[in-house]
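All remarks here apply to the structure that follows.
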Amino acid sequence: LVGYLINNSESVIPQLISESESCEKKSEFITGLKKRILRIALPGLVGSLSRARTERSTQIDAALSALTYPERSLRPVLLLFNIAILLTNKTSSTRFPFRHYKLDAWDIEHITSVSSQMPENISGQKAWTEVMREHFRPYNITEEGLDPARSAQHVLFERAEMLLLEEPFDSEKFEAYFSDVLNEYSRTPQQDRDDSIGNLTLLDQSTNRSYRNAIFPVKRNRIIEADKASTFVPPGTRNVFLKYYSCNVHDMTFWNTQDQDSYRRAITDALTAFFDGATYATR
């Protein structure tokens with residue numbers, strides 16, 4: 001909790017030292033820390049957050065549902081979520097690695113890419129096409145009796161090859177290809193692939209920008225690779241790409257509206273539990 005507050009304002013350290021010395025009980029100090037955290041993560045609920053769990057959950061869910069990219073408050077909420085899910089596991093001694101968090105730069109990443117994220121310059125468009133070509137390369141087969149899914153992936157591989165061979169690079173054809181790939185790999189209607197918190201997660205810039213705007217299975221594979229290489233991946237981010245919070249864990253190809261709702265619900269539940277046990281309302 002102290003690490004979270006210091007991350008948001010290093011000038012808070014003297015105040016925290018003073019409060020820790022003046023509190024008679026550790027529980028009193030912790031309550032004070034959580035009140036400070038509430039003002040950072042969910043300032044709209046300061047003075048009104050209910051002590052009753054059901055009402056508190058409703059309040060937090062409403063506040064989360066109102067957040068949209070690129071609001072500044074998204075980062076402190078997602079960071080708090082990653083800390084809260086560690087704290088809720090009473091049998092674990094795992095602590096959030098603030099050293100890694102402080103050393104890296106962090107992005108708010110869309111889980112399912114949206115059309116507004118299409119690369120605008122030629123170099124970015126080529127790089128995106130190359131990533132897709134490598135993803136679809138295993139489907140570059142010509143055996144008879146291909147099922148429709150593999151056939152569609154084979155076509156997308158060929159289109160990527162053709163785009164990369166053309167000189168000069170055709171941005172209009174790329175735009176059509178980008179749209180077709182996103183539509184093929186999303187069961188969420190285009191208008192619902194939004195900037196809400198259910199489609200956002202926290203990720204370091206180096207990993208994020210190595211696959212920015214890619215489709216969900218490509219992002220998922222990169223997260224797994226980063227985790228295997230001991231690159232710090234926040235637990236909430238890792239859980240998202242492993243579909244830890246989703247009901248349909250058999251489908252790792254898509255991130256749909258049901259996945260988004262389940263993920264937002266998981267954030268709500270974690271923060272509801274985090275703010276348990278203290279009075280935050282003024283009434």
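Going by the structure tokens order, chains are called A, B, ..., each with residues numbered from 1, while ligands are numbered from 1 in the order shown.
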
Determine, counting only C-alpha atoms, which protein, DNA and RNA residues have an atom within 7 Å of an atom of segment 37-43 of chain A; residues of the same chain fewer than 5 positions away are not included. Present the result as a list in words.
Leu5, Ser73, Pro76 and Val77 of chain A

Please identify every residue of segment 155-236 of chain A that has at least one atom no farther than 10 Å from an atom of segment 99-120 of chain A, counting only C-alpha atoms, and for each give the shortest atom pair and the distance in Å to one decimal, arranged by chain then increasing number, as JSON lines.
```
{"residue": "A:Ser171", "atom": "CA", "partner": "A:Glu120", "partner_atom": "CA", "distance": 8.7}
{"residue": "A:Phe174", "atom": "CA", "partner": "A:Met118", "partner_atom": "CA", "distance": 9.5}
{"residue": "A:Glu175", "atom": "CA", "partner": "A:Met118", "partner_atom": "CA", "distance": 7.7}
{"residue": "A:Phe178", "atom": "CA", "partner": "A:Met118", "partner_atom": "CA", "distance": 7.2}
{"residue": "A:Ser179", "atom": "CA", "partner": "A:Ser115", "partner_atom": "CA", "distance": 7.1}
{"residue": "A:Leu182", "atom": "CA", "partner": "A:Ser113", "partner_atom": "CA", "distance": 7.4}
{"residue": "A:Asn183", "atom": "CA", "partner": "A:Ser115", "partner_atom": "CA", "distance": 9.8}
{"residue": "A:Tyr185", "atom": "CA", "partner": "A:Thr112", "partner_atom": "CA", "distance": 9.1}
{"residue": "A:Ser186", "atom": "CA", "partner": "A:Thr112", "partner_atom": "CA", "distance": 7.7}
{"residue": "A:Thr188", "atom": "CA", "partner": "A:Thr112", "partner_atom": "CA", "distance": 8.9}
{"residue": "A:Gln190", "atom": "CA", "partner": "A:Val114", "partner_atom": "CA", "distance": 7.6}
{"residue": "A:Gln191", "atom": "CA", "partner": "A:Val114", "partner_atom": "CA", "distance": 9.1}
{"residue": "A:Asp192", "atom": "CA", "partner": "A:Val114", "partner_atom": "CA", "distance": 9.2}
{"residue": "A:Arg193", "atom": "CA", "partner": "A:Val114", "partner_atom": "CA", "distance": 5.8}
{"residue": "A:Asp194", "atom": "CA", "partner": "A:Val114", "partner_atom": "CA", "distance": 6.9}
{"residue": "A:Asp195", "atom": "CA", "partner": "A:His110", "partner_atom": "CA", "distance": 7.5}
{"residue": "A:Ser196", "atom": "CA", "partner": "A:His110", "partner_atom": "CA", "distance": 9.1}
{"residue": "A:Ile197", "atom": "CA", "partner": "A:His110", "partner_atom": "CA", "distance": 9.0}
{"residue": "A:Gly198", "atom": "CA", "partner": "A:Ile111", "partner_atom": "CA", "distance": 8.5}
{"residue": "A:Asn199", "atom": "CA", "partner": "A:Ile111", "partner_atom": "CA", "distance": 5.2}
{"residue": "A:Leu200", "atom": "CA", "partner": "A:His110", "partner_atom": "CA", "distance": 4.6}
{"residue": "A:Thr201", "atom": "CA", "partner": "A:Glu109", "partner_atom": "CA", "distance": 5.3}
{"residue": "A:Leu202", "atom": "CA", "partner": "A:Ile108", "partner_atom": "CA", "distance": 5.0}
{"residue": "A:Leu203", "atom": "CA", "partner": "A:Asp107", "partner_atom": "CA", "distance": 5.4}
{"residue": "A:Asp204", "atom": "CA", "partner": "A:Trp106", "partner_atom": "CA", "distance": 4.3}
{"residue": "A:Gln205", "atom": "CA", "partner": "A:Trp106", "partner_atom": "CA", "distance": 5.2}
{"residue": "A:Ser206", "atom": "CA", "partner": "A:Ala105", "partner_atom": "CA", "distance": 8.1}
{"residue": "A:Thr207", "atom": "CA", "partner": "A:Trp106", "partner_atom": "CA", "distance": 9.5}
{"residue": "A:Asn208", "atom": "CA", "partner": "A:Glu109", "partner_atom": "CA", "distance": 7.0}
{"residue": "A:Arg209", "atom": "CA", "partner": "A:Asp107", "partner_atom": "CA", "distance": 9.0}
{"residue": "A:Arg212", "atom": "CA", "partner": "A:Glu109", "partner_atom": "CA", "distance": 8.1}
{"residue": "A:Asn213", "atom": "CA", "partner": "A:Ser113", "partner_atom": "CA", "distance": 5.2}
{"residue": "A:Ala214", "atom": "CA", "partner": "A:Ser113", "partner_atom": "CA", "distance": 6.6}
{"residue": "A:Ile215", "atom": "CA", "partner": "A:Ser113", "partner_atom": "CA", "distance": 6.5}
{"residue": "A:Phe216", "atom": "CA", "partner": "A:Thr112", "partner_atom": "CA", "distance": 5.8}
{"residue": "A:Pro217", "atom": "CA", "partner": "A:Thr112", "partner_atom": "CA", "distance": 9.7}
{"residue": "A:Lys219", "atom": "CA", "partner": "A:Ile111", "partner_atom": "CA", "distance": 7.9}
{"residue": "A:Arg220", "atom": "CA", "partner": "A:Ile111", "partner_atom": "CA", "distance": 9.2}
{"residue": "A:Thr231", "atom": "CA", "partner": "A:His100", "partner_atom": "CA", "distance": 9.2}
{"residue": "A:Phe232", "atom": "CA", "partner": "A:His100", "partner_atom": "CA", "distance": 6.9}
{"residue": "A:Val233", "atom": "CA", "partner": "A:Tyr101", "partner_atom": "CA", "distance": 9.5}
{"residue": "A:Pro234", "atom": "CA", "partner": "A:Tyr101", "partner_atom": "CA", "distance": 8.8}
```

Identify, on the basis of only C-alpha atoms, every residue whose closest approach to segment 259-272 of chain A does not exceed 6 Å; exclude the query and any residue fewer than 2 positions from it along the same chain; express the result as a ChimeraX atom specification.
/A:57,61,84,198-199,245-246,255-257,274-275
